[in-house]
$ cat run_17.cif   # mmCIF, N, CA and C atoms
data_target
loop_
_atom_site.label_atom_id
_atom_site.label_comp_id
_atom_site.auth_asym_id
_atom_site.auth_seq_id
_atom_site.Cartn_x
_atom_site.Cartn_y
_atom_site.Cartn_z
N MET F 1 0.81 -1.20 0.00
CA MET F 1 0.00 0.00 0.00
C MET F 1 0.85 1.26 0.00
N ASN F 2 2.17 1.12 -0.19
CA ASN F 2 3.02 2.31 -0.20
C ASN F 2 2.60 3.30 -1.26
N ASP F 3 2.17 2.81 -2.41
CA ASP F 3 1.78 3.70 -3.49
C ASP F 3 0.27 3.93 -3.54
N ALA F 4 -0.44 3.40 -2.58
CA ALA F 4 -1.89 3.53 -2.56
C ALA F 4 -2.28 4.97 -2.31
N PRO F 5 -3.31 5.39 -2.97
CA PRO F 5 -3.80 6.75 -2.70
C PRO F 5 -4.26 6.87 -1.25
N ALA F 6 -4.28 8.09 -0.79
CA ALA F 6 -4.68 8.37 0.59
C ALA F 6 -6.07 7.82 0.88
N GLU F 7 -6.97 7.87 -0.09
CA GLU F 7 -8.33 7.37 0.13
C GLU F 7 -8.32 5.88 0.43
N GLU F 8 -7.48 5.13 -0.28
CA GLU F 8 -7.41 3.68 -0.05
C GLU F 8 -6.83 3.39 1.33
N ALA F 9 -5.80 4.13 1.72
CA ALA F 9 -5.21 3.95 3.04
C ALA F 9 -6.23 4.29 4.13
N LEU F 10 -6.99 5.34 3.91
CA LEU F 10 -8.02 5.73 4.88
C LEU F 10 -9.11 4.67 4.97
N ALA F 11 -9.53 4.13 3.83
CA ALA F 11 -10.55 3.08 3.84
C ALA F 11 -10.04 1.84 4.56
N PHE F 12 -8.78 1.47 4.33
CA PHE F 12 -8.20 0.33 5.02
C PHE F 12 -8.17 0.58 6.52
N SER F 13 -7.74 1.77 6.93
CA SER F 13 -7.68 2.12 8.35
C SER F 13 -9.07 2.05 8.98
N ALA F 14 -10.05 2.60 8.30
CA ALA F 14 -11.42 2.59 8.83
C ALA F 14 -11.94 1.16 8.98
N THR F 15 -11.64 0.31 8.01
CA THR F 15 -12.09 -1.08 8.06
C THR F 15 -11.44 -1.82 9.23
N LEU F 16 -10.15 -1.63 9.40
CA LEU F 16 -9.44 -2.30 10.49
C LEU F 16 -9.95 -1.81 11.85
N LEU F 17 -10.15 -0.51 11.98
CA LEU F 17 -10.68 0.04 13.24
C LEU F 17 -12.10 -0.44 13.50
N ALA F 18 -12.92 -0.56 12.46
CA ALA F 18 -14.28 -1.07 12.62
C ALA F 18 -14.25 -2.52 13.10
N ALA F 19 -13.35 -3.33 12.54
CA ALA F 19 -13.22 -4.73 12.97
C ALA F 19 -12.81 -4.79 14.44
N ALA F 20 -11.84 -3.96 14.82
CA ALA F 20 -11.38 -3.95 16.21
C ALA F 20 -12.49 -3.48 17.15
N GLY F 21 -13.20 -2.44 16.76
CA GLY F 21 -14.30 -1.95 17.58
C GLY F 21 -15.42 -2.97 17.70
N GLY F 22 -15.72 -3.65 16.61
CA GLY F 22 -16.73 -4.70 16.64
C GLY F 22 -16.31 -5.85 17.54
N LEU F 23 -15.03 -6.18 17.51
CA LEU F 23 -14.52 -7.25 18.36
C LEU F 23 -14.64 -6.88 19.83
N VAL F 24 -14.25 -5.67 20.18
CA VAL F 24 -14.36 -5.22 21.58
C VAL F 24 -15.83 -5.23 22.02
N ALA F 25 -16.72 -4.75 21.17
CA ALA F 25 -18.15 -4.73 21.51
C ALA F 25 -18.70 -6.14 21.67
N ALA F 26 -18.30 -7.07 20.80
CA ALA F 26 -18.78 -8.45 20.88
C ALA F 26 -18.26 -9.13 22.14
N ILE F 27 -17.00 -8.91 22.47
CA ILE F 27 -16.45 -9.50 23.70
C ILE F 27 -17.18 -8.92 24.91
N ASN F 28 -17.39 -7.62 24.92
CA ASN F 28 -18.10 -6.99 26.04
C ASN F 28 -19.51 -7.55 26.16
N ALA F 29 -20.21 -7.69 25.05
CA ALA F 29 -21.57 -8.25 25.09
C ALA F 29 -21.55 -9.69 25.59
N GLY F 30 -20.54 -10.46 25.19
CA GLY F 30 -20.43 -11.84 25.65
C GLY F 30 -20.14 -11.93 27.13
N VAL F 31 -19.33 -11.03 27.64
CA VAL F 31 -19.02 -11.00 29.07
C VAL F 31 -20.29 -10.66 29.86
N ILE F 32 -21.03 -9.69 29.37
CA ILE F 32 -22.28 -9.31 30.03
C ILE F 32 -23.27 -10.48 30.00
N ALA F 33 -23.37 -11.15 28.86
CA ALA F 33 -24.29 -12.28 28.73
C ALA F 33 -23.91 -13.43 29.66
N ARG F 34 -22.65 -13.50 30.04
CA ARG F 34 -22.18 -14.54 30.94
C ARG F 34 -22.28 -14.13 32.41
N GLY F 35 -22.98 -13.03 32.67
CA GLY F 35 -23.27 -12.66 34.05
C GLY F 35 -22.40 -11.58 34.66
N PHE F 36 -21.49 -11.01 33.90
CA PHE F 36 -20.62 -9.97 34.42
C PHE F 36 -21.08 -8.62 33.87
N ASP F 37 -22.23 -8.17 34.36
CA ASP F 37 -22.86 -6.98 33.79
C ASP F 37 -22.39 -5.68 34.44
N ASP F 38 -21.44 -5.76 35.34
CA ASP F 38 -20.92 -4.56 35.99
C ASP F 38 -19.50 -4.23 35.49
N ILE F 39 -19.16 -4.75 34.33
CA ILE F 39 -17.83 -4.59 33.75
C ILE F 39 -17.95 -3.81 32.44
N ARG F 40 -16.93 -3.03 32.15
CA ARG F 40 -16.86 -2.34 30.86
C ARG F 40 -15.51 -2.68 30.22
N PRO F 41 -15.34 -2.40 28.93
CA PRO F 41 -14.11 -2.81 28.25
C PRO F 41 -12.81 -2.37 28.92
N ALA F 42 -12.76 -1.19 29.49
CA ALA F 42 -11.52 -0.74 30.14
C ALA F 42 -11.11 -1.69 31.26
N HIS F 43 -12.08 -2.31 31.92
CA HIS F 43 -11.76 -3.28 32.97
C HIS F 43 -11.02 -4.46 32.37
N GLY F 44 -11.48 -4.92 31.22
CA GLY F 44 -10.83 -6.05 30.57
C GLY F 44 -9.39 -5.75 30.20
N PHE F 45 -9.13 -4.53 29.74
CA PHE F 45 -7.76 -4.15 29.42
C PHE F 45 -6.90 -4.13 30.69
N ALA F 46 -7.50 -3.74 31.81
CA ALA F 46 -6.77 -3.77 33.09
C ALA F 46 -6.52 -5.21 33.52
N PHE F 47 -7.52 -6.09 33.34
CA PHE F 47 -7.35 -7.50 33.69
C PHE F 47 -6.17 -8.09 32.93
N ALA F 48 -6.03 -7.73 31.65
CA ALA F 48 -4.93 -8.26 30.83
C ALA F 48 -3.58 -7.86 31.42
N CYS F 49 -3.50 -6.69 32.00
CA CYS F 49 -2.25 -6.23 32.62
C CYS F 49 -2.01 -6.94 33.96
N MET F 50 -3.07 -7.22 34.69
CA MET F 50 -2.93 -7.85 36.00
C MET F 50 -2.63 -9.34 35.90
N ALA F 51 -3.02 -9.98 34.83
CA ALA F 51 -2.77 -11.42 34.68
C ALA F 51 -1.37 -11.62 34.13
N PRO F 52 -0.62 -12.57 34.59
CA PRO F 52 -0.99 -13.56 35.59
C PRO F 52 -0.53 -13.20 37.00
N ASP F 53 0.40 -12.23 37.14
CA ASP F 53 1.06 -12.04 38.44
C ASP F 53 0.72 -10.74 39.15
N GLY F 54 -0.23 -9.98 38.66
CA GLY F 54 -0.58 -8.73 39.29
C GLY F 54 0.21 -7.57 38.70
N ALA F 55 -0.16 -6.37 39.09
CA ALA F 55 0.48 -5.15 38.61
C ALA F 55 0.33 -4.06 39.65
N THR F 56 1.23 -3.11 39.63
CA THR F 56 1.08 -1.94 40.49
C THR F 56 0.14 -0.95 39.82
N VAL F 57 -0.34 0.01 40.56
CA VAL F 57 -1.18 1.05 39.97
C VAL F 57 -0.41 1.80 38.89
N SER F 58 0.88 2.05 39.12
CA SER F 58 1.69 2.75 38.11
C SER F 58 1.78 1.93 36.82
N GLU F 59 1.97 0.62 36.96
CA GLU F 59 2.02 -0.24 35.77
C GLU F 59 0.69 -0.24 35.04
N LEU F 60 -0.41 -0.28 35.79
CA LEU F 60 -1.72 -0.21 35.16
C LEU F 60 -1.91 1.12 34.44
N ALA F 61 -1.50 2.21 35.07
CA ALA F 61 -1.63 3.53 34.44
C ALA F 61 -0.86 3.56 33.12
N ASP F 62 0.36 3.06 33.13
CA ASP F 62 1.16 3.02 31.89
C ASP F 62 0.48 2.15 30.84
N HIS F 63 0.02 0.98 31.24
CA HIS F 63 -0.61 0.03 30.32
C HIS F 63 -1.87 0.61 29.68
N LEU F 64 -2.67 1.29 30.49
CA LEU F 64 -3.95 1.81 30.00
C LEU F 64 -3.85 3.20 29.38
N GLY F 65 -2.71 3.86 29.56
CA GLY F 65 -2.59 5.23 29.08
C GLY F 65 -3.39 6.19 29.94
N PHE F 66 -3.56 5.85 31.22
CA PHE F 66 -4.31 6.65 32.18
C PHE F 66 -3.32 7.42 33.05
N THR F 67 -3.84 8.42 33.75
CA THR F 67 -3.04 9.02 34.82
C THR F 67 -3.01 8.02 35.98
N ARG F 68 -2.06 8.21 36.87
CA ARG F 68 -1.98 7.33 38.04
C ARG F 68 -3.24 7.46 38.88
N GLN F 69 -3.77 8.66 38.98
CA GLN F 69 -4.99 8.89 39.75
C GLN F 69 -6.18 8.15 39.12
N ALA F 70 -6.32 8.19 37.80
CA ALA F 70 -7.42 7.49 37.13
C ALA F 70 -7.27 5.98 37.29
N ALA F 71 -6.04 5.48 37.19
CA ALA F 71 -5.80 4.05 37.38
C ALA F 71 -6.14 3.64 38.81
N SER F 72 -5.80 4.47 39.77
CA SER F 72 -6.12 4.19 41.16
C SER F 72 -7.63 4.13 41.37
N GLN F 73 -8.37 5.02 40.73
CA GLN F 73 -9.83 5.00 40.83
C GLN F 73 -10.40 3.74 40.20
N LEU F 74 -9.82 3.31 39.07
CA LEU F 74 -10.26 2.08 38.43
C LEU F 74 -10.01 0.88 39.35
N VAL F 75 -8.84 0.86 39.99
CA VAL F 75 -8.53 -0.22 40.93
C VAL F 75 -9.51 -0.21 42.09
N ASP F 76 -9.80 0.98 42.64
CA ASP F 76 -10.78 1.07 43.73
C ASP F 76 -12.11 0.45 43.30
N GLU F 77 -12.53 0.74 42.08
CA GLU F 77 -13.79 0.20 41.55
C GLU F 77 -13.72 -1.33 41.43
N LEU F 78 -12.62 -1.85 40.90
CA LEU F 78 -12.48 -3.29 40.73
C LEU F 78 -12.41 -4.02 42.08
N VAL F 79 -11.76 -3.41 43.05
CA VAL F 79 -11.70 -3.99 44.39
C VAL F 79 -13.10 -3.99 45.01
N HIS F 80 -13.80 -2.86 44.89
CA HIS F 80 -15.15 -2.75 45.44
C HIS F 80 -16.09 -3.79 44.83
N LYS F 81 -15.94 -4.08 43.54
CA LYS F 81 -16.81 -5.04 42.85
C LYS F 81 -16.35 -6.48 43.04
N GLY F 82 -15.19 -6.68 43.68
CA GLY F 82 -14.73 -8.02 43.97
C GLY F 82 -13.91 -8.69 42.88
N TYR F 83 -13.45 -7.92 41.90
CA TYR F 83 -12.66 -8.48 40.79
C TYR F 83 -11.16 -8.48 41.07
N ALA F 84 -10.73 -7.63 41.98
CA ALA F 84 -9.29 -7.51 42.27
C ALA F 84 -9.11 -7.24 43.76
N GLU F 85 -7.88 -7.44 44.19
CA GLU F 85 -7.52 -7.09 45.56
C GLU F 85 -6.10 -6.57 45.57
N ARG F 86 -5.83 -5.76 46.60
CA ARG F 86 -4.48 -5.22 46.78
C ARG F 86 -3.72 -6.13 47.74
N ARG F 87 -2.47 -6.39 47.40
CA ARG F 87 -1.61 -7.21 48.26
C ARG F 87 -0.26 -6.51 48.40
N PRO F 88 0.48 -6.84 49.44
CA PRO F 88 1.84 -6.30 49.53
C PRO F 88 2.66 -6.76 48.32
N HIS F 89 3.50 -5.87 47.81
CA HIS F 89 4.38 -6.23 46.69
C HIS F 89 5.49 -7.13 47.22
N PRO F 90 5.77 -8.24 46.55
CA PRO F 90 6.77 -9.17 47.09
C PRO F 90 8.21 -8.64 47.05
N HIS F 91 8.48 -7.61 46.23
CA HIS F 91 9.85 -7.12 46.08
C HIS F 91 10.03 -5.65 46.43
N ASP F 92 8.94 -4.96 46.74
CA ASP F 92 9.01 -3.54 47.03
C ASP F 92 8.04 -3.23 48.17
N ALA F 93 8.59 -3.01 49.35
CA ALA F 93 7.76 -2.79 50.54
C ALA F 93 6.90 -1.53 50.42
N ARG F 94 7.29 -0.59 49.56
CA ARG F 94 6.52 0.65 49.41
C ARG F 94 5.33 0.49 48.46
N ALA F 95 5.35 -0.54 47.63
CA ALA F 95 4.33 -0.70 46.59
C ALA F 95 3.28 -1.74 47.00
N ARG F 96 2.12 -1.61 46.37
CA ARG F 96 1.05 -2.59 46.52
C ARG F 96 0.84 -3.24 45.15
N LEU F 97 0.54 -4.51 45.17
CA LEU F 97 0.28 -5.25 43.95
C LEU F 97 -1.23 -5.44 43.83
N VAL F 98 -1.77 -5.20 42.66
CA VAL F 98 -3.19 -5.43 42.40
C VAL F 98 -3.29 -6.74 41.64
N VAL F 99 -4.03 -7.68 42.21
CA VAL F 99 -4.16 -9.01 41.61
C VAL F 99 -5.64 -9.35 41.41
N LEU F 100 -5.89 -10.22 40.45
CA LEU F 100 -7.25 -10.68 40.20
C LEU F 100 -7.69 -11.63 41.31
N THR F 101 -8.94 -11.51 41.69
CA THR F 101 -9.55 -12.47 42.61
C THR F 101 -10.13 -13.61 41.77
N GLU F 102 -10.72 -14.59 42.42
CA GLU F 102 -11.36 -15.67 41.67
C GLU F 102 -12.45 -15.10 40.76
N ARG F 103 -13.18 -14.10 41.25
CA ARG F 103 -14.21 -13.46 40.40
C ARG F 103 -13.56 -12.81 39.18
N GLY F 104 -12.41 -12.17 39.37
CA GLY F 104 -11.69 -11.57 38.24
C GLY F 104 -11.24 -12.61 37.24
N TRP F 105 -10.73 -13.75 37.74
CA TRP F 105 -10.32 -14.84 36.84
C TRP F 105 -11.52 -15.43 36.12
N SER F 106 -12.66 -15.54 36.80
CA SER F 106 -13.88 -16.05 36.15
C SER F 106 -14.31 -15.13 35.02
N CYS F 107 -14.22 -13.83 35.26
CA CYS F 107 -14.57 -12.86 34.23
C CYS F 107 -13.59 -12.94 33.06
N THR F 108 -12.31 -13.16 33.37
CA THR F 108 -11.30 -13.30 32.32
C THR F 108 -11.61 -14.52 31.45
N ARG F 109 -11.99 -15.63 32.09
CA ARG F 109 -12.36 -16.83 31.32
C ARG F 109 -13.61 -16.57 30.48
N ALA F 110 -14.55 -15.81 31.01
CA ALA F 110 -15.74 -15.45 30.24
C ALA F 110 -15.37 -14.61 29.02
N ALA F 111 -14.41 -13.70 29.19
CA ALA F 111 -13.96 -12.87 28.07
C ALA F 111 -13.27 -13.72 27.01
N GLU F 112 -12.49 -14.72 27.45
CA GLU F 112 -11.83 -15.61 26.49
C GLU F 112 -12.87 -16.38 25.68
N ALA F 113 -13.91 -16.88 26.34
CA ALA F 113 -14.98 -17.59 25.64
C ALA F 113 -15.73 -16.65 24.71
N ALA F 114 -15.97 -15.43 25.15
CA ALA F 114 -16.66 -14.44 24.31
C ALA F 114 -15.81 -14.08 23.09
N ALA F 115 -14.49 -14.00 23.27
CA ALA F 115 -13.60 -13.71 22.14
C ALA F 115 -13.66 -14.85 21.12
N ALA F 116 -13.67 -16.08 21.61
CA ALA F 116 -13.77 -17.23 20.69
C ALA F 116 -15.09 -17.16 19.91
N ASP F 117 -16.18 -16.84 20.61
CA ASP F 117 -17.48 -16.70 19.94
C ASP F 117 -17.46 -15.56 18.92
N ALA F 118 -16.76 -14.48 19.25
CA ALA F 118 -16.73 -13.30 18.38
C ALA F 118 -15.97 -13.56 17.08
N VAL F 119 -14.92 -14.34 17.14
CA VAL F 119 -14.13 -14.57 15.92
C VAL F 119 -14.60 -15.80 15.12
N ARG F 120 -15.46 -16.61 15.72
CA ARG F 120 -15.98 -17.78 15.01
C ARG F 120 -16.62 -17.40 13.67
N PRO F 121 -17.46 -16.35 13.61
CA PRO F 121 -18.03 -15.97 12.31
C PRO F 121 -16.96 -15.52 11.30
N TRP F 122 -15.89 -14.92 11.77
CA TRP F 122 -14.80 -14.53 10.86
C TRP F 122 -14.19 -15.77 10.23
N THR F 123 -14.00 -16.81 11.06
CA THR F 123 -13.43 -18.06 10.56
C THR F 123 -14.38 -18.71 9.57
N ALA F 124 -15.68 -18.60 9.82
CA ALA F 124 -16.66 -19.16 8.89
C ALA F 124 -16.58 -18.47 7.53
N VAL F 125 -16.31 -17.17 7.52
CA VAL F 125 -16.22 -16.42 6.27
C VAL F 125 -14.88 -16.67 5.58
N LEU F 126 -13.79 -16.60 6.35
CA LEU F 126 -12.45 -16.67 5.76
C LEU F 126 -11.89 -18.08 5.65
N GLY F 127 -12.36 -18.97 6.51
CA GLY F 127 -11.77 -20.31 6.58
C GLY F 127 -10.61 -20.29 7.57
N GLU F 128 -10.31 -21.48 8.11
CA GLU F 128 -9.28 -21.57 9.15
C GLU F 128 -7.90 -21.15 8.65
N ARG F 129 -7.55 -21.55 7.44
CA ARG F 129 -6.22 -21.23 6.91
C ARG F 129 -6.04 -19.72 6.76
N ARG F 130 -7.02 -19.04 6.19
CA ARG F 130 -6.91 -17.59 6.01
C ARG F 130 -6.97 -16.86 7.36
N MET F 131 -7.72 -17.40 8.31
CA MET F 131 -7.74 -16.77 9.64
C MET F 131 -6.37 -16.87 10.29
N ARG F 132 -5.72 -18.01 10.19
CA ARG F 132 -4.36 -18.13 10.74
C ARG F 132 -3.42 -17.17 10.04
N MET F 133 -3.56 -17.03 8.73
CA MET F 133 -2.71 -16.10 7.98
C MET F 133 -2.98 -14.67 8.41
N LEU F 134 -4.25 -14.31 8.58
CA LEU F 134 -4.60 -12.96 9.03
C LEU F 134 -4.00 -12.70 10.40
N ARG F 135 -4.17 -13.64 11.32
CA ARG F 135 -3.60 -13.49 12.66
C ARG F 135 -2.09 -13.31 12.59
N ASP F 136 -1.43 -14.16 11.81
CA ASP F 136 0.03 -14.07 11.68
C ASP F 136 0.45 -12.74 11.08
N ASP F 137 -0.25 -12.29 10.05
CA ASP F 137 0.08 -11.01 9.43
C ASP F 137 -0.12 -9.85 10.41
N LEU F 138 -1.22 -9.87 11.14
CA LEU F 138 -1.47 -8.80 12.10
C LEU F 138 -0.43 -8.82 13.22
N GLN F 139 0.00 -10.00 13.65
CA GLN F 139 1.04 -10.07 14.67
C GLN F 139 2.35 -9.48 14.15
N ARG F 140 2.62 -9.63 12.87
CA ARG F 140 3.86 -9.08 12.30
C ARG F 140 3.83 -7.56 12.22
N ILE F 141 2.66 -6.98 11.99
CA ILE F 141 2.61 -5.53 11.78
C ILE F 141 2.11 -4.75 13.00
N ALA F 142 1.46 -5.42 13.94
CA ALA F 142 0.92 -4.72 15.10
C ALA F 142 2.05 -4.21 15.97
N PRO F 143 1.90 -3.02 16.52
CA PRO F 143 2.94 -2.50 17.40
C PRO F 143 3.03 -3.34 18.67
N GLY F 144 4.22 -3.47 19.17
CA GLY F 144 4.39 -4.19 20.44
C GLY F 144 3.86 -3.38 21.59
N GLY F 145 3.79 -4.02 22.73
CA GLY F 145 3.37 -3.29 23.91
C GLY F 145 1.94 -3.56 24.27
N PRO F 146 1.43 -2.78 25.21
CA PRO F 146 0.11 -3.04 25.76
C PRO F 146 -1.01 -2.73 24.77
N ILE F 147 -2.12 -3.40 25.00
CA ILE F 147 -3.34 -3.11 24.25
C ILE F 147 -4.12 -2.14 25.12
N ARG F 148 -4.42 -0.97 24.57
CA ARG F 148 -5.03 0.09 25.38
C ARG F 148 -6.40 0.47 24.86
N PRO F 149 -7.28 0.82 25.78
CA PRO F 149 -8.55 1.40 25.34
C PRO F 149 -8.27 2.77 24.76
N THR F 150 -9.06 3.15 23.77
CA THR F 150 -8.83 4.45 23.14
C THR F 150 -10.03 5.37 23.32
N TRP F 151 -10.86 5.11 24.32
CA TRP F 151 -12.03 5.96 24.55
C TRP F 151 -12.01 6.52 25.93
#
$ encode --input "run_17.cif" --output "structure tokens"
Amino acid sequence: MNDAPAEEALAFSATLLAAAGGLVAAINAGVIARGFDDIRPAHGFAFACMAPDGATVSELADHLGFTRQAASQLVDELVHKGYAERRPHPHDARARLVVLTERGWSCTRAAEAAAADAVRPWTAVLGERRMRMLRDDLQRIAPGGPIRPTW
């Protein structure tokens, strides 16, 4: 697409963003359908950072692109709802580690099942071979680092 006109690049960008937005919405709907109706997509992005070994509020803030204060408020909400808990940091006496509770892990498993349900129709359209190729291609071009909410 190096020589593609700007319109084609814009159309490609819009299509890819629509697919990503649709995927986030489908996963969120699947999580809600599985009984976790007090969760929103930003929580799932935080869960990804906390799994498997927990994270500090500063690490969550960096991962989510939030201020430390906003990340702390998100953690307060997750603790209040029973999805996470604060524990002493094993290597830094000044820090607290935020870890998923069993409820948080259950929600994470629900999100994984919802993600599988969300991409199943894509596989039906593209076929398993092309889906693997698409995944591999996206892994090659996607930027490294955390997956962040953009809203």
$ closest_residue --input "run_17.cif" --among "F:Phe45, F:Ser13, F:Asp38, F:Ala55" --to "F:Arg96" --atoms "only N, CA and C atoms"
F:Ala55
$ select_by_dssp --input "run_17.cif" --residues "chain F" --states "strand (DSSP E)" --output "PDB file with N, CA and C atoms, in the coordinates of the input"
ATOM      1  N   ALA F  84     -10.730  -7.630  41.980  1.00  0.00           N
ATOM      2  CA  ALA F  84      -9.290  -7.510  42.270  1.00  0.00           C
ATOM      3  C   ALA F  84      -9.110  -7.240  43.760  1.00  0.00           C
ATOM      4  N   GLU F  85      -7.880  -7.440  44.190  1.00  0.00           N
ATOM      5  CA  GLU F  85      -7.520  -7.090  45.560  1.00  0.00           C
ATOM      6  C   GLU F  85      -6.100  -6.570  45.570  1.00  0.00           C
ATOM      7  N   ARG F  86      -5.830  -5.760  46.600  1.00  0.00           N
ATOM      8  CA  ARG F  86      -4.480  -5.220  46.780  1.00  0.00           C
ATOM      9  C   ARG F  86      -3.720  -6.130  47.740  1.00  0.00           C
ATOM     10  N   ARG F  87      -2.470  -6.390  47.400  1.00  0.00           N
ATOM     11  CA  ARG F  87      -1.610  -7.210  48.260  1.00  0.00           C
ATOM     12  C   ARG F  87      -0.260  -6.510  48.400  1.00  0.00           C
ATOM     13  N   PRO F  88       0.480  -6.840  49.440  1.00  0.00           N
ATOM     14  CA  PRO F  88       1.840  -6.300  49.530  1.00  0.00           C
ATOM     15  C   PRO F  88       2.660  -6.760  48.320  1.00  0.00           C
ATOM     16  N   ARG F  96       2.120  -1.610  46.370  1.00  0.00           N
ATOM     17  CA  ARG F  96       1.050  -2.590  46.520  1.00  0.00           C
ATOM     18  C   ARG F  96       0.840  -3.240  45.150  1.00  0.00           C
ATOM     19  N   LEU F  97       0.540  -4.510  45.170  1.00  0.00           N
ATOM     20  CA  LEU F  97       0.280  -5.250  43.950  1.00  0.00           C
ATOM     21  C   LEU F  97      -1.230  -5.440  43.830  1.00  0.00           C
ATOM     22  N   VAL F  98      -1.770  -5.200  42.660  1.00  0.00           N
ATOM     23  CA  VAL F  98      -3.190  -5.430  42.400  1.00  0.00           C
ATOM     24  C   VAL F  98      -3.290  -6.740  41.640  1.00  0.00           C
ATOM     25  N   VAL F  99      -4.030  -7.680  42.210  1.00  0.00           N
ATOM     26  CA  VAL F  99      -4.160  -9.010  41.610  1.00  0.00           C
ATOM     27  C   VAL F  99      -5.640  -9.350  41.410  1.00  0.00           C
ATOM     28  N   LEU F 100      -5.890 -10.220  40.450  1.00  0.00           N
ATOM     29  CA  LEU F 100      -7.250 -10.680  40.200  1.00  0.00           C
ATOM     30  C   LEU F 100      -7.690 -11.630  41.310  1.00  0.00           C
TER      31      LEU F 100
END
$ residues_around --input "run_17.cif" --residues "F:Ala110" --least-positions-apart "3" --cutoff "6 Å" --atoms "only C-alpha atoms" --output "number ranges by chain"
F: 31, 107, 113
$ closest_atom_pairs --input "run_17.cif" --of "stretch 97-144 of chain F" --to "stretch 84-89 of chain F" --cutoff "6 Å" --atoms "only N, CA and C atoms" --output "tab-separated table"
residue	atom	partner	partner_atom	distance
F:Leu97	N	F:Arg87	C	3.9
F:Val98	CA	F:Glu85	C	4.5
F:Val99	C	F:Glu85	N	4.0
F:Leu100	CA	F:Ala84	CA	4.3
F:Thr101	N	F:Ala84	CA	4.1
F:Gly104	N	F:Ala84	N	5.5
$ select_by_dssp --input "run_17.cif" --residues "chain F" --states "helix (DSSP H, G or I)" --output "VMD selection string"
chain F and resid 6 to 33 41 to 50 57 to 64 68 to 81 102 to 126 128 to 141
$ resolve_selection --input "run_17.cif" --expression "the PyMOL selection byres (((chain F and resi 58 and name CA) around 9) and name CA)" --output "ChimeraX atom specification"
/F:55-57,59-63,67-68,71-72
$ closest_residue --input "run_17.cif" --among "F:Arg103, F:Gly21, F:Ala124, F:Ala114" --to "F:Ala33" --atoms "only C-alpha atoms"
F:Ala114
$ build_atoms --input "run_17.cif" --residues "stretch 10-14 of chain F" --atoms "all heavy atoms" --output "mmCIF file, in the frame of the given file"
data_model
loop_
_atom_site.group_PDB
_atom_site.id
_atom_site.type_symbol
_atom_site.label_atom_id
_atom_site.label_comp_id
_atom_site.auth_asym_id
_atom_site.auth_seq_id
_atom_site.Cartn_x
_atom_site.Cartn_y
_atom_site.Cartn_z
ATOM 1 N N LEU F 10 -6.990 5.340 3.910
ATOM 2 C CA LEU F 10 -8.020 5.730 4.880
ATOM 3 C C LEU F 10 -9.110 4.670 4.970
ATOM 4 O O LEU F 10 -9.548 4.305 6.075
ATOM 5 C CB LEU F 10 -8.622 7.087 4.510
ATOM 6 C CG LEU F 10 -9.646 7.652 5.493
ATOM 7 C CD1 LEU F 10 -9.034 7.824 6.879
ATOM 8 C CD2 LEU F 10 -10.187 8.971 4.990
ATOM 9 N N ALA F 11 -9.530 4.130 3.830
ATOM 10 C CA ALA F 11 -10.550 3.080 3.840
ATOM 11 C C ALA F 11 -10.040 1.840 4.560
ATOM 12 O O ALA F 11 -10.771 1.209 5.334
ATOM 13 C CB ALA F 11 -10.964 2.743 2.407
ATOM 14 N N PHE F 12 -8.780 1.470 4.330
ATOM 15 C CA PHE F 12 -8.200 0.330 5.020
ATOM 16 C C PHE F 12 -8.170 0.580 6.520
ATOM 17 O O PHE F 12 -8.555 -0.289 7.316
ATOM 18 C CB PHE F 12 -6.783 0.051 4.505
ATOM 19 C CG PHE F 12 -6.087 -1.041 5.260
ATOM 20 C CD1 PHE F 12 -6.385 -2.373 5.008
ATOM 21 C CD2 PHE F 12 -5.152 -0.735 6.235
ATOM 22 C CE1 PHE F 12 -5.756 -3.385 5.722
ATOM 23 C CE2 PHE F 12 -4.522 -1.738 6.949
ATOM 24 C CZ PHE F 12 -4.823 -3.070 6.696
ATOM 25 N N SER F 13 -7.740 1.770 6.930
ATOM 26 C CA SER F 13 -7.680 2.120 8.350
ATOM 27 C C SER F 13 -9.070 2.050 8.980
ATOM 28 O O SER F 13 -9.229 1.497 10.075
ATOM 29 C CB SER F 13 -7.109 3.525 8.531
ATOM 30 O OG SER F 13 -5.810 3.598 8.015
ATOM 31 N N ALA F 14 -10.050 2.600 8.300
ATOM 32 C CA ALA F 14 -11.420 2.590 8.830
ATOM 33 C C ALA F 14 -11.940 1.160 8.980
ATOM 34 O O ALA F 14 -12.597 0.822 9.975
ATOM 35 C CB ALA F 14 -12.340 3.410 7.931
#
